[in-house]
Structures are given as structure tokens and as C-alpha cells.
>>> print(open('upload-v6.cif').read())   # mmCIF, C-alpha atoms (C1' of nucleotides)
data_input
loop_
_atom_site.label_atom_id
_atom_site.label_comp_id
_atom_site.auth_asym_id
_atom_site.auth_seq_id
_atom_site.Cartn_x
_atom_site.Cartn_y
_atom_site.Cartn_z
CA MET A 1 -0.79 31.48 4.82
CA ALA A 2 2.47 30.52 6.42
CA THR A 3 4.85 32.60 4.33
CA HIS A 4 6.08 36.15 4.74
CA PHE A 5 6.89 36.50 1.08
CA LYS A 6 5.73 39.60 -0.74
CA GLY A 7 5.01 38.77 -4.34
CA THR A 8 2.13 38.22 -6.71
CA LEU A 9 -0.77 36.17 -5.41
CA GLU A 10 0.18 33.27 -7.67
CA GLN A 11 3.73 33.28 -6.32
CA THR A 12 2.60 33.42 -2.72
CA LEU A 13 0.22 30.54 -3.29
CA ALA A 14 2.91 28.51 -5.05
CA LEU A 15 5.28 29.02 -2.12
CA ASP A 16 2.54 28.12 0.31
CA THR A 17 1.61 24.93 -1.58
CA TRP A 18 5.28 23.94 -1.75
CA LEU A 19 5.75 24.41 1.99
CA LYS A 20 2.73 22.26 2.73
CA LEU A 21 3.88 19.55 0.33
CA SER A 22 7.39 19.53 1.82
CA ARG A 23 6.11 19.42 5.37
CA ALA A 24 3.60 16.66 4.65
CA LYS A 25 6.34 14.53 3.10
CA GLU A 26 8.65 15.30 5.99
CA SER A 27 6.03 14.51 8.62
CA VAL A 28 5.04 11.18 7.13
CA GLY A 29 8.71 10.32 6.61
CA ARG A 30 9.40 10.97 10.27
CA LYS A 31 6.54 8.67 11.22
CA LEU A 32 8.02 5.89 9.10
CA LYS A 33 11.61 6.18 10.24
CA PRO A 34 11.48 4.64 13.75
CA CYS A 35 9.73 1.49 12.53
CA LEU A 36 12.68 0.82 10.22
CA GLY A 37 15.19 1.97 12.81
CA GLN A 38 14.00 -0.70 15.27
CA HIS A 39 15.33 -3.29 12.86
CA GLY A 40 18.60 -1.47 12.16
CA VAL A 41 17.61 -0.57 8.63
CA THR A 42 17.84 2.98 7.31
CA SER A 43 15.30 4.39 4.91
CA ALA A 44 17.76 4.37 2.00
CA GLN A 45 18.86 0.81 2.74
CA PHE A 46 15.22 -0.26 2.92
CA GLY A 47 14.71 1.14 -0.57
CA VAL A 48 17.48 -1.04 -1.96
CA LEU A 49 16.34 -4.16 -0.13
CA GLU A 50 12.76 -3.70 -1.25
CA MET A 51 13.84 -3.24 -4.85
CA LEU A 52 15.97 -6.37 -4.82
CA TYR A 53 13.16 -8.27 -3.10
CA HIS A 54 10.59 -7.37 -5.72
CA LEU A 55 12.75 -7.21 -8.83
CA GLY A 56 15.52 -9.73 -8.08
CA THR A 57 19.26 -9.31 -8.58
CA LEU A 58 20.22 -5.96 -10.15
CA ASN A 59 23.33 -4.13 -11.31
CA GLN A 60 24.35 -1.10 -9.28
CA THR A 61 23.77 1.10 -12.32
CA VAL A 62 20.18 -0.09 -12.53
CA ILE A 63 19.64 0.51 -8.83
CA ALA A 64 20.99 4.05 -9.18
CA ARG A 65 18.77 4.77 -12.17
CA LYS A 66 15.63 3.39 -10.53
CA MET A 67 16.24 5.19 -7.25
CA LEU A 68 17.21 8.43 -9.04
CA VAL A 69 20.45 8.67 -7.07
CA SER A 70 24.11 8.87 -8.04
CA GLY A 71 26.28 5.82 -8.66
CA GLY A 72 28.57 6.79 -5.82
CA ASN A 73 25.62 6.73 -3.50
CA VAL A 74 24.74 3.18 -4.50
CA THR A 75 28.33 2.09 -3.92
CA MET A 76 28.05 3.30 -0.34
CA LEU A 77 24.58 1.86 0.26
CA VAL A 78 25.66 -1.55 -1.00
CA ASP A 79 28.81 -1.31 1.14
CA ASN A 80 26.66 -0.80 4.21
CA LEU A 81 24.19 -3.51 3.25
CA GLU A 82 27.12 -5.89 2.72
CA LYS A 83 28.41 -5.14 6.23
CA HIS A 84 25.10 -6.50 7.53
CA SER A 85 25.39 -9.47 5.14
CA TRP A 86 22.02 -8.55 3.70
CA VAL A 87 23.34 -8.41 0.14
CA GLU A 88 26.28 -9.86 -1.78
CA ARG A 89 28.25 -8.39 -4.69
CA ARG A 90 28.98 -10.77 -7.55
CA ARG A 91 31.03 -9.74 -10.55
CA SER A 92 29.28 -10.48 -13.84
CA GLN A 93 31.10 -13.05 -15.98
CA LYS A 94 29.71 -11.66 -19.22
CA ASP A 95 30.86 -8.11 -18.50
CA ARG A 96 33.50 -7.80 -15.85
CA ARG A 97 32.75 -4.09 -15.28
CA VAL A 98 29.35 -5.00 -13.92
CA ILE A 99 28.56 -5.96 -10.34
CA LYS A 100 25.34 -7.78 -9.63
CA VAL A 101 23.81 -7.19 -6.20
CA HIS A 102 22.14 -10.27 -4.72
CA LEU A 103 19.81 -10.41 -1.74
CA THR A 104 21.10 -12.97 0.79
CA THR A 105 18.88 -15.26 2.85
CA ALA A 106 19.38 -12.90 5.79
CA GLY A 107 18.49 -9.92 3.61
CA LYS A 108 15.33 -11.65 2.42
CA ALA A 109 14.39 -12.41 6.02
CA VAL A 110 14.86 -8.78 7.04
CA ILE A 111 12.80 -7.33 4.23
CA GLU A 112 10.04 -9.88 4.80
CA GLN A 113 9.94 -8.92 8.44
CA VAL A 114 10.14 -5.17 7.97
CA LEU A 115 8.01 -4.63 4.89
CA PRO A 116 4.62 -5.42 6.49
CA ILE A 117 5.45 -3.25 9.51
CA HIS A 118 6.50 -0.42 7.24
CA VAL A 119 3.39 -0.69 5.12
CA GLY A 120 1.28 -0.84 8.25
CA ALA A 121 2.78 2.36 9.61
CA LEU A 122 2.33 4.02 6.25
CA THR A 123 -1.29 2.94 6.00
CA GLU A 124 -1.90 4.32 9.46
CA ALA A 125 -0.17 7.59 8.61
CA LEU A 126 -2.31 8.06 5.51
CA ALA A 127 -5.47 7.12 7.35
CA VAL A 128 -5.99 10.76 8.36
CA LEU A 129 -7.22 11.24 4.80
CA THR A 130 -10.34 9.62 3.42
CA SER A 131 -9.80 7.14 0.63
CA SER A 132 -11.09 9.61 -1.89
CA GLU A 133 -8.73 12.26 -0.55
CA ARG A 134 -5.81 9.85 -0.81
CA GLU A 135 -6.76 9.14 -4.39
CA THR A 136 -6.94 12.84 -5.22
CA LEU A 137 -3.62 13.49 -3.49
CA GLY A 138 -1.98 10.67 -5.42
CA MET A 139 -3.38 11.92 -8.70
CA LEU A 140 -2.23 15.51 -8.10
CA CYS A 141 1.23 14.40 -6.96
CA LYS A 142 1.60 12.21 -10.00
CA LYS A 143 0.65 15.06 -12.29
CA LEU A 144 2.99 17.42 -10.48
CA GLY A 145 5.88 14.98 -10.50
CA ARG A 146 5.47 14.07 -14.15
CA GLY A 147 5.25 17.72 -15.08
CA GLN A 148 8.79 18.37 -13.87
CA GLN A 149 10.48 16.01 -16.30
CA THR A 150 12.54 18.10 -18.69
CA ASP A 151 11.26 17.34 -22.13
CA PRO A 152 14.27 17.16 -24.49
CA THR A 153 12.01 17.29 -27.58
CA ARG A 154 10.69 20.70 -26.64
CA THR A 155 12.11 23.45 -28.78
CA GLY A 156 13.66 25.92 -26.37
CA MET B 1 0.16 1.12 -9.78
CA ALA B 2 3.92 1.38 -9.43
CA THR B 3 4.45 -1.00 -6.52
CA HIS B 4 5.00 -4.76 -6.43
CA PHE B 5 3.69 -5.06 -2.91
CA LYS B 6 1.16 -7.79 -2.16
CA GLY B 7 -1.14 -6.67 0.62
CA THR B 8 -4.63 -5.39 1.20
CA LEU B 9 -5.99 -2.90 -1.29
CA GLU B 10 -5.82 -0.13 1.30
CA GLN B 11 -2.16 -0.89 1.96
CA THR B 12 -1.27 -1.01 -1.70
CA LEU B 13 -3.02 2.30 -2.29
CA ALA B 14 -1.28 3.86 0.71
CA LEU B 15 2.11 2.75 -0.60
CA ASP B 16 1.24 4.06 -4.03
CA THR B 17 0.10 7.44 -2.71
CA TRP B 18 3.26 7.73 -0.63
CA LEU B 19 5.50 6.97 -3.61
CA LYS B 20 3.75 9.62 -5.68
CA LEU B 21 4.01 12.18 -2.88
CA SER B 22 7.71 11.44 -2.36
CA ARG B 23 8.49 11.61 -6.04
CA ALA B 24 6.56 14.83 -6.56
CA LYS B 25 8.45 16.47 -3.72
CA GLU B 26 11.73 15.09 -5.04
CA SER B 27 11.05 16.24 -8.61
CA VAL B 28 10.09 19.77 -7.65
CA GLY B 29 13.06 19.92 -5.28
CA ARG B 30 15.40 18.95 -8.10
CA LYS B 31 13.93 21.69 -10.26
CA LEU B 32 14.61 24.25 -7.55
CA LYS B 33 18.15 23.24 -6.67
CA PRO B 34 20.15 24.57 -9.64
CA CYS B 35 18.66 28.06 -9.36
CA LEU B 36 20.06 28.29 -5.83
CA GLY B 37 23.28 26.53 -6.80
CA GLN B 38 24.07 29.23 -9.36
CA HIS B 39 24.42 31.64 -6.49
CA GLY B 40 26.45 29.30 -4.31
CA VAL B 41 23.61 28.80 -1.83
CA THR B 42 22.43 25.34 -0.79
CA SER B 43 18.82 24.59 -0.14
CA ALA B 44 19.35 24.28 3.61
CA GLN B 45 21.33 27.52 3.76
CA PHE B 46 18.60 29.24 1.78
CA GLY B 47 16.09 28.16 4.39
CA VAL B 48 18.08 29.85 7.14
CA LEU B 49 18.69 33.04 5.15
CA GLU B 50 15.03 33.30 4.22
CA MET B 51 13.97 32.84 7.81
CA LEU B 52 16.34 35.51 9.07
CA TYR B 53 15.26 37.82 6.25
CA HIS B 54 11.59 37.55 7.09
CA LEU B 55 11.73 37.15 10.86
CA GLY B 56 14.88 39.06 11.78
CA THR B 57 17.65 37.97 14.13
CA LEU B 58 16.99 34.59 15.79
CA ASN B 59 18.63 32.27 18.31
CA GLN B 60 19.96 28.99 16.94
CA THR B 61 17.47 27.12 19.09
CA VAL B 62 14.61 28.96 17.47
CA ILE B 63 15.99 28.29 14.00
CA ALA B 64 16.25 24.58 14.80
CA ARG B 65 12.71 24.46 16.16
CA LYS B 66 11.21 26.31 13.20
CA MET B 67 13.10 24.23 10.63
CA LEU B 68 12.37 20.99 12.50
CA VAL B 69 16.05 20.03 12.48
CA SER B 70 18.56 19.21 15.20
CA GLY B 71 20.60 21.82 17.03
CA GLY B 72 23.81 20.29 15.77
CA ASN B 73 22.59 20.78 12.25
CA VAL B 74 21.99 24.48 12.84
CA THR B 75 25.48 24.84 14.29
CA MET B 76 26.89 23.52 11.04
CA LEU B 77 24.61 25.54 8.78
CA VAL B 78 25.47 28.75 10.62
CA ASP B 79 29.17 27.80 10.41
CA ASN B 80 28.90 27.55 6.64
CA LEU B 81 26.85 30.73 6.33
CA GLU B 82 29.46 32.53 8.43
CA LYS B 83 32.22 31.37 6.10
CA HIS B 84 30.41 33.25 3.33
CA SER B 85 29.96 36.24 5.68
CA TRP B 86 26.22 36.04 5.09
CA VAL B 87 25.45 35.86 8.81
CA GLU B 88 27.15 36.82 12.06
CA ARG B 89 26.99 35.16 15.48
CA ARG B 90 26.52 37.51 18.43
CA ARG B 91 26.44 36.28 22.02
CA SER B 92 23.41 37.48 23.95
CA GLN B 93 24.23 39.77 26.86
CA LYS B 94 21.12 38.80 28.81
CA ASP B 95 21.79 35.07 28.61
CA ARG B 96 25.31 34.12 27.72
CA ARG B 97 24.31 30.62 26.63
CA VAL B 98 22.39 32.11 23.73
CA ILE B 99 23.83 33.02 20.33
CA LYS B 100 21.86 35.36 18.13
CA VAL B 101 22.29 34.90 14.40
CA HIS B 102 22.25 38.16 12.41
CA LEU B 103 21.90 38.57 8.67
CA THR B 104 24.78 40.70 7.33
CA THR B 105 24.45 43.26 4.55
CA ALA B 106 25.95 40.69 2.18
CA GLY B 107 23.50 38.07 3.40
CA LYS B 108 20.60 40.42 2.86
CA ALA B 109 21.83 41.15 -0.65
CA VAL B 110 22.06 37.45 -1.47
CA ILE B 111 18.61 36.57 -0.23
CA GLU B 112 17.10 39.57 -2.02
CA GLN B 113 18.73 38.46 -5.23
CA VAL B 114 17.93 34.76 -4.92
CA LEU B 115 14.45 34.80 -3.42
CA PRO B 116 12.60 36.14 -6.50
CA ILE B 117 14.43 33.68 -8.75
CA HIS B 118 13.59 30.85 -6.42
CA VAL B 119 9.95 31.82 -6.20
CA GLY B 120 9.83 32.22 -9.96
CA ALA B 121 11.18 28.71 -10.49
CA LEU B 122 8.74 27.36 -7.94
CA THR B 123 5.79 29.11 -9.52
CA GLU B 124 6.80 27.69 -12.87
CA ALA B 125 7.17 24.20 -11.41
CA LEU B 126 3.69 24.33 -9.88
CA ALA B 127 2.19 25.77 -13.04
CA VAL B 128 1.56 22.25 -14.33
CA LEU B 129 -1.39 22.21 -11.94
CA THR B 130 -4.40 24.48 -12.28
CA SER B 131 -4.90 26.97 -9.48
CA SER B 132 -7.75 24.93 -8.10
CA GLU B 133 -5.60 21.78 -8.19
CA ARG B 134 -2.82 23.62 -6.34
CA GLU B 135 -5.31 24.69 -3.74
CA THR B 136 -6.61 21.14 -3.30
CA LEU B 137 -3.07 19.76 -3.13
CA GLY B 138 -2.15 22.31 -0.49
CA MET B 139 -5.23 21.53 1.55
CA LEU B 140 -4.66 17.77 1.44
CA CYS B 141 -0.97 18.13 2.29
CA LYS B 142 -1.80 20.35 5.21
CA LYS B 143 -4.33 17.86 6.52
CA LEU B 144 -1.89 14.99 6.04
CA GLY B 145 0.99 16.83 7.67
CA ARG B 146 -1.05 18.00 10.64
CA GLY B 147 -2.42 14.51 11.11
CA GLN B 148 1.05 13.14 11.86
CA GLN B 149 1.67 15.25 14.92
CA THR B 150 1.81 12.95 17.89
CA ASP B 151 -0.86 14.08 20.28
CA PRO B 152 0.49 13.71 23.84
CA THR B 153 -3.00 14.16 25.32
CA ARG B 154 -4.28 11.05 23.62
CA THR B 155 -4.63 8.18 26.01
CA GLY B 156 -2.60 5.30 24.56
"C1'" DA C 1 24.51 30.43 48.85
"C1'" DT C 2 24.48 25.70 47.26
"C1'" DG C 3 23.36 21.88 44.67
"C1'" DA C 4 20.22 19.79 41.27
"C1'" DT C 5 18.14 20.50 37.09
"C1'" DA C 6 17.21 22.96 32.59
"C1'" DT C 7 18.74 24.93 28.53
"C1'" DA C 8 21.99 26.66 24.53
"C1'" DA C 9 25.42 25.54 21.77
"C1'" DT C 10 29.12 22.46 20.24
"C1'" DT C 11 31.41 18.16 19.17
"C1'" DT C 12 31.68 13.51 17.48
"C1'" DA C 13 30.57 9.52 14.88
"C1'" DA C 14 27.72 7.60 11.55
"C1'" DG C 15 25.07 7.59 7.42
"C1'" DC C 16 23.04 9.93 3.23
"C1'" DT C 17 23.83 12.56 -0.97
"C1'" DT C 18 26.16 14.83 -4.76
"C1'" DA C 19 29.71 16.10 -8.36
"C1'" DA C 20 34.03 15.27 -10.25
"C1'" DA C 21 38.04 12.49 -10.93
"C1'" DT C 22 39.82 7.78 -11.45
"C1'" DT C 23 40.21 2.81 -12.73
"C1'" DA C 24 38.84 -1.19 -15.20
"C1'" DT C 25 36.59 -3.07 -18.90
"C1'" DT C 26 34.02 -3.25 -23.14
"C1'" DT C 27 32.64 -1.72 -27.72
"C1'" DA C 28 33.19 0.56 -32.09
"C1'" DG C 29 35.91 2.32 -35.90
"C1'" DC C 30 39.56 1.72 -38.55
"C1'" DG D 1 44.67 -5.99 -33.80
"C1'" DC D 2 44.69 -1.25 -32.09
"C1'" DT D 3 43.04 3.00 -30.66
"C1'" DA D 4 39.13 5.95 -29.13
"C1'" DA D 5 35.01 6.37 -26.89
"C1'" DA D 6 31.65 4.67 -23.76
"C1'" DT D 7 30.26 2.35 -19.60
"C1'" DA D 8 30.45 0.36 -14.53
"C1'" DA D 9 32.06 0.97 -10.36
"C1'" DT D 10 34.91 3.37 -6.97
"C1'" DT D 11 37.08 7.22 -4.64
"C1'" DT D 12 37.29 11.85 -2.83
"C1'" DA D 13 35.74 16.11 -1.00
"C1'" DA D 14 32.01 18.69 0.47
"C1'" DG D 15 27.66 19.44 2.61
"C1'" DC D 16 23.35 17.75 5.02
"C1'" DT D 17 21.34 15.24 8.85
"C1'" DT D 18 20.87 12.78 13.19
"C1'" DA D 19 21.67 11.06 18.00
"C1'" DA D 20 24.42 11.14 21.92
"C1'" DA D 21 27.93 13.14 24.75
"C1'" DT D 22 30.02 17.46 26.38
"C1'" DT D 23 30.59 22.31 27.98
"C1'" DA D 24 28.90 26.54 29.64
"C1'" DT D 25 25.43 29.06 31.66
"C1'" DA D 26 21.09 29.88 34.00
"C1'" DT D 27 17.29 28.75 37.14
"C1'" DC D 28 15.03 26.62 40.94
"C1'" DA D 29 14.49 24.53 45.46
"C1'" DT D 30 16.18 24.43 49.53
#
>>> encode(input="upload-v6.cif", output="C-alpha cells")
Amino acid sequence: MATHFKGTLEQTLALDTWLKLSRAKESVGRKLKPCLGQHGVTSAQFGVLEMLYHLGTLNQTVIARKMLVSGGNVTMLVDNLEKHSWVERRRSQKDRRVIKVHLTTAGKAVIEQVLPIHVGALTEALAVLTSSERETLGMLCKKLGRGQQTDPTRTG
Amino acid sequence: MATHFKGTLEQTLALDTWLKLSRAKESVGRKLKPCLGQHGVTSAQFGVLEMLYHLGTLNQTVIARKMLVSGGNVTMLVDNLEKHSWVERRRSQKDRRVIKVHLTTAGKAVIEQVLPIHVGALTEALAVLTSSERETLGMLCKKLGRGQQTDPTRTG
DNA sequence: ATGATATAATTTAAGCTTAAATTATTTAGC
DNA sequence: GCTAAATAATTTAAGCTTAAATTATATCAT
């Protein structure tokens, strides 16, 4: 038990589980970072590139919603991706408020180069668990994540 | 399966597990944030206050090592905590390079007020899992986290 | 004692992230 | 058509985070 907290057993265990979850995420994240860094891509930028690669051109609003980040954040990420000429902004003709973010040829090349390396590093990082453990971990994380969604239909 | 990645089954499952782990951590983190925010404490600041509360006065180097963050980061966190008068810097007499970070009375009051609320929110967030599921999750996360530590004794 | 090396903290520059305010544009109601 | 409300993107200010360079101090080998 890594905590010094004095509370009920349930509370202490919750804190302990949370610390382990946070640290596991952090540790794996650290393992992944350098393999992106070698190619000059940050983790957040990679997320945008991957999304555009798999889903095609998207509005900034859609990117923000899918990544669960603020609109201002997407503005900055797309700014930085544009500096590398990995994406292009194109104003929608139908609705001039909207900006569509396109992957460029260079952007496509980068994601196609980096994605397999990234997935390889991830696969290696998760290889410390057996496949059945990975499955259990995934299932529990999914349940935990889903359980946090505030249900607006619930009568307070 | 939430990914669009085309690779081996093992790779696809690894990516999927990682997404679920990241999202679970993110979701629980979001649930925790407002309860700290109400008291004007950020998550990172809370980490420092909690550490000082449970372990007593610490050098900035030690704080950085325990939190797995950079020294520059600790400098800034302690700056911001000092602005609130929650901590005090005191130069060590033995070694004048060292700065010892002390929790003030006000800092102690804040952490004592916020900690139970934080733990309560956390316990509630984790309550979507059964106690045996929490235990399994903790065990798997610990194994996964530990497995990432680069072992310098291993012959490359 | 001196000079090389280590360590502790800070600074700087860059990027990530958010919330809140702002601008431009569209849509809906009248 | 005109006004009000909603939506898309940007800007701003604040904080988090890192890596690399800097400053001050301590330690170690001669």
C-alpha cells in the first residue's frame, strides 16, 4: 500500500488503485513519447494526424469533440501542424464559419511512417501482461471509464 | 474495437487496451478536478501539498523525484503554492544549495479540508467497479507500470 | 588549497491544456 | 428582411510540463 492516507479501508483501497492506474498510464506514456519525438511529432499532434488519417478531413469542432479537448486547444494544435505543413486549413464554402482540416501528402507520409513504430512500441510495452491480463485490464478500464459519464437522465 | 488501425491482432488489441486505459484515467481525472478546483487548488498543487502533509518537509529535488517530474516543474509549483502562502521555502543551513519546502498552517488547513473531499470523490468514482474488480485493476496496473521501468542491468 | 566534477535550484523557450471573452457567420422567429 | 440566438473558430491569460542552459554551492582528487 503506497499511500499514507488514514481513512476507511474502501477509501484507502480506492486511493491505492487510482495511484496505480495513474502511474501505469504515465509509465506507458513515457515509453511511447521518445518514439514519436524522434520524428518531431508530439503526442497530441500524433492524435490529430492519426484521426485525420483514419477518418479523413474533419472540422476543428469535430476534432475537439472526438479528442475530448477544448476548441482553443485544437486551434493551437492545428497551428503547429500547419507549421510543419502536415495539415492544411480550408474554409468550408457551405458554411463559412467552418474550417476543414486536411492531411497533406507530407502529413500522410509522416503518419504512415510513425504509426507502425508507435504501435510496435505500444505492443512491446503491453507485452509485460499476458493476453488474458490485457483483455481483463481493457475490460475493467472500459467499465471504469464508461461509469464516469454524467448521466443527465438521472434524477438528482 | 474503437481503433481503425490495420495491423496484427496483437497490435490492434494493444492499441485498444491502451485507449481504454488512457480514457479511464482521463475520465476519473476529470471527475476529480472540480472538487479540487472549488478550493482553488490544482491537481498538481494538491500532489505537492499531500506529499508534504504525509511526509513532512522535503527538498525540491526529493519532491521532483517522488512525483516523477522535472526540477523546473517543482520550482514553478512551489512558486504558485508560495503565492497562496500554503508553503514556505527555507534554505538549508547544512547545504546552502538545498531548499526545504515547509507546509504552513494555512497549507495544512487546506489539505486537511480538501483531502477527505478528494478521497470521497475518488471512492465514488471507483465505486462503479466491485471491490474484487478494483483489486484486479490495481494489480494489473501495478504489473504494467513496473514492467516499463528500464532495467539498466539488462544486456542490450 | 586548487581545480574538476556533482548536485540543487532557477531560468528560458516551447508546447499542451483550460476557461472565458471575442469575432464571424448562420439559423430561427417574427 | 431583421433581430436574436446559436455555432465555429480565435484570442488571451493562466497553469502544467519538459529539456537545456545557467548559477551557486559542495565534494573529490590531487
>>> residues_around(input="upload-v6.cif", residues="Ala106 (chain B)", least_positions_apart="4", cutoff="12 Å", atoms="only C-alpha atoms (C1' of nucleotides)", output="list in words")
Leu49, Tyr53, Leu81, Glu82, Lys83, His84, Ser85, Trp86, Val87, Glu88, His102, Val110, Ile111, Glu112 and Gln113 of chain B
>>> atom_distance(input="upload-v6.cif", atom1="CA of Lys100 (chain A)", atom2="C1' of DT17 (chain C)")
22.2 Å
>>> atom_distance(input="upload-v6.cif", atom1="C1' of DA21 (chain D)", atom2="C1' of DT12 (chain C)")
8.2 Å
>>> interface_residues(input="upload-v6.cif", of="chain B", to="chain D", cutoff="7 Å", atoms="only C-alpha atoms (C1' of nucleotides)", output="CSV table (one decimal) with C-alpha atoms, in the coordinates of the input")
chain,number,residue,atom,x,y,z
B,73,ASN,CA,22.6,20.8,12.2
B,96,ARG,CA,25.3,34.1,27.7
B,97,ARG,CA,24.3,30.6,26.6
>>> residues_around(input="upload-v6.cif", residues="region 131-136 of chain A", least_positions_apart="5", cutoff="9 Å", atoms="all atoms listed in the file", output="PDB file with C-alpha atoms, keeping the file's coordinate frame")
ATOM      1  CA  LEU A 126      -2.310   8.060   5.510  1.00  0.00           C
ATOM      2  CA  CYS A 141       1.230  14.400  -6.960  1.00  0.00           C
TER       3      CYS A 141
ATOM      4  CA  GLU B  10      -5.820  -0.130   1.300  1.00  0.00           C
ATOM      5  CA  LEU B  13      -3.020   2.300  -2.290  1.00  0.00           C
ATOM      6  CA  ALA B  14      -1.280   3.860   0.710  1.00  0.00           C
ATOM      7  CA  THR B  17       0.100   7.440  -2.710  1.00  0.00           C
ATOM      8  CA  THR B 136      -6.610  21.140  -3.300  1.00  0.00           C
ATOM      9  CA  LEU B 137      -3.070  19.760  -3.130  1.00  0.00           C
ATOM     10  CA  LEU B 140      -4.660  17.770   1.440  1.00  0.00           C
TER      11      LEU B 140
END
>>> atom_distance(input="upload-v6.cif", atom1="C1' of DA8 (chain C)", atom2="CA of Ile99 (chain B)")
7.8 Å
>>> interface_residues(input="upload-v6.cif", of="chain B", to="chain C", cutoff="10 Å", atoms="only C-alpha atoms (C1' of nucleotides)", output="list of chain:residue names")
B:Asn59, B:Gln60, B:Thr61, B:Gly71, B:Gly72, B:Val74, B:Thr75, B:Met76, B:Asp95, B:Arg96, B:Arg97, B:Val98, B:Ile99
>>> interface_residues(input="upload-v6.cif", of="chain A", to="chain B", cutoff="6 Å", atoms="only C-alpha atoms", output="MDAnalysis selection string")
chainID A and resid 11 14 17 20:21 24 27 123 128 138 141:142 144:145 147
>>> resolve_selection(input="upload-v6.cif", expression="the PyMOL selection byres ((chain B and resi 36) around 10)", output="PyMOL selection string")
chain B and resi 32-35+37-43+45-46+114-115+117-118
>>> axis_aligned_box(input="upload-v6.cif", around="region 74-86 of chain A", padding_each_side="4 Å", output="JSON")
{"center_x": 25.4, "center_y": -3.1, "center_z": 1.5, "size_x": 14.8, "size_y": 20.8, "size_z": 20.0}
>>> build_atoms(input="upload-v6.cif", residues="region 45-52 of chain B", atoms="all heavy atoms", output="mmCIF file, in the frame of the given file")
data_model
loop_
_atom_site.group_PDB
_atom_site.id
_atom_site.type_symbol
_atom_site.label_atom_id
_atom_site.label_comp_id
_atom_site.auth_asym_id
_atom_site.auth_seq_id
_atom_site.Cartn_x
_atom_site.Cartn_y
_atom_site.Cartn_z
ATOM 1 N N GLN B 45 20.856 26.181 3.434
ATOM 2 C CA GLN B 45 21.330 27.520 3.760
ATOM 3 C C GLN B 45 20.274 28.561 3.382
ATOM 4 O O GLN B 45 20.019 29.516 4.121
ATOM 5 C CB GLN B 45 22.637 27.818 3.017
ATOM 6 C CG GLN B 45 23.826 27.019 3.527
ATOM 7 C CD GLN B 45 25.022 27.104 2.594
ATOM 8 O OE1 GLN B 45 24.999 27.824 1.595
ATOM 9 N NE2 GLN B 45 26.075 26.356 2.918
ATOM 10 N N PHE B 46 19.654 28.345 2.227
ATOM 11 C CA PHE B 46 18.600 29.240 1.780
ATOM 12 C C PHE B 46 17.484 29.336 2.807
ATOM 13 O O PHE B 46 16.977 30.417 3.098
ATOM 14 C CB PHE B 46 18.043 28.755 0.437
ATOM 15 C CG PHE B 46 16.920 29.588 -0.099
ATOM 16 C CD1 PHE B 46 17.166 30.806 -0.695
ATOM 17 C CD2 PHE B 46 15.607 29.147 0.008
ATOM 18 C CE1 PHE B 46 16.127 31.585 -1.186
ATOM 19 C CE2 PHE B 46 14.564 29.916 -0.478
ATOM 20 C CZ PHE B 46 14.825 31.137 -1.071
ATOM 21 N N GLY B 47 17.137 28.186 3.370
ATOM 22 C CA GLY B 47 16.090 28.160 4.390
ATOM 23 C C GLY B 47 16.424 29.067 5.561
ATOM 24 O O GLY B 47 15.566 29.800 6.050
ATOM 25 N N VAL B 48 17.679 29.014 6.007
ATOM 26 C CA VAL B 48 18.080 29.850 7.140
ATOM 27 C C VAL B 48 18.066 31.326 6.741
ATOM 28 O O VAL B 48 17.529 32.170 7.473
ATOM 29 C CB VAL B 48 19.486 29.457 7.639
ATOM 30 C CG1 VAL B 48 19.925 30.373 8.769
ATOM 31 C CG2 VAL B 48 19.511 28.009 8.089
ATOM 32 N N LEU B 49 18.639 31.639 5.600
ATOM 33 C CA LEU B 49 18.690 33.040 5.150
ATOM 34 C C LEU B 49 17.286 33.614 5.015
ATOM 35 O O LEU B 49 17.017 34.739 5.467
ATOM 36 C CB LEU B 49 19.430 33.139 3.799
ATOM 37 C CG LEU B 49 20.929 32.856 3.818
ATOM 38 C CD1 LEU B 49 21.495 32.911 2.402
ATOM 39 C CD2 LEU B 49 21.667 33.835 4.728
ATOM 40 N N GLU B 50 16.397 32.827 4.421
ATOM 41 C CA GLU B 50 15.030 33.300 4.220
ATOM 42 C C GLU B 50 14.342 33.576 5.556
ATOM 43 O O GLU B 50 13.651 34.581 5.726
ATOM 44 C CB GLU B 50 14.250 32.265 3.416
ATOM 45 C CG GLU B 50 12.907 32.795 2.940
ATOM 46 C CD GLU B 50 12.047 31.705 2.336
ATOM 47 O OE1 GLU B 50 12.410 30.508 2.447
ATOM 48 O OE2 GLU B 50 10.992 32.055 1.768
ATOM 49 N N MET B 51 14.581 32.672 6.502
ATOM 50 C CA MET B 51 13.970 32.840 7.810
ATOM 51 C C MET B 51 14.468 34.107 8.497
ATOM 52 O O MET B 51 13.688 34.884 9.042
ATOM 53 C CB MET B 51 14.282 31.605 8.658
ATOM 54 C CG MET B 51 13.557 31.563 9.972
ATOM 55 S SD MET B 51 13.941 30.043 10.862
ATOM 56 C CE MET B 51 13.172 28.838 9.800
ATOM 57 N N LEU B 52 15.772 34.312 8.449
ATOM 58 C CA LEU B 52 16.340 35.510 9.070
ATOM 59 C C LEU B 52 15.852 36.773 8.349
ATOM 60 O O LEU B 52 15.609 37.805 8.970
ATOM 61 C CB LEU B 52 17.871 35.457 9.026
ATOM 62 C CG LEU B 52 18.512 34.345 9.862
ATOM 63 C CD1 LEU B 52 20.011 34.307 9.637
ATOM 64 C CD2 LEU B 52 18.187 34.507 11.338
#
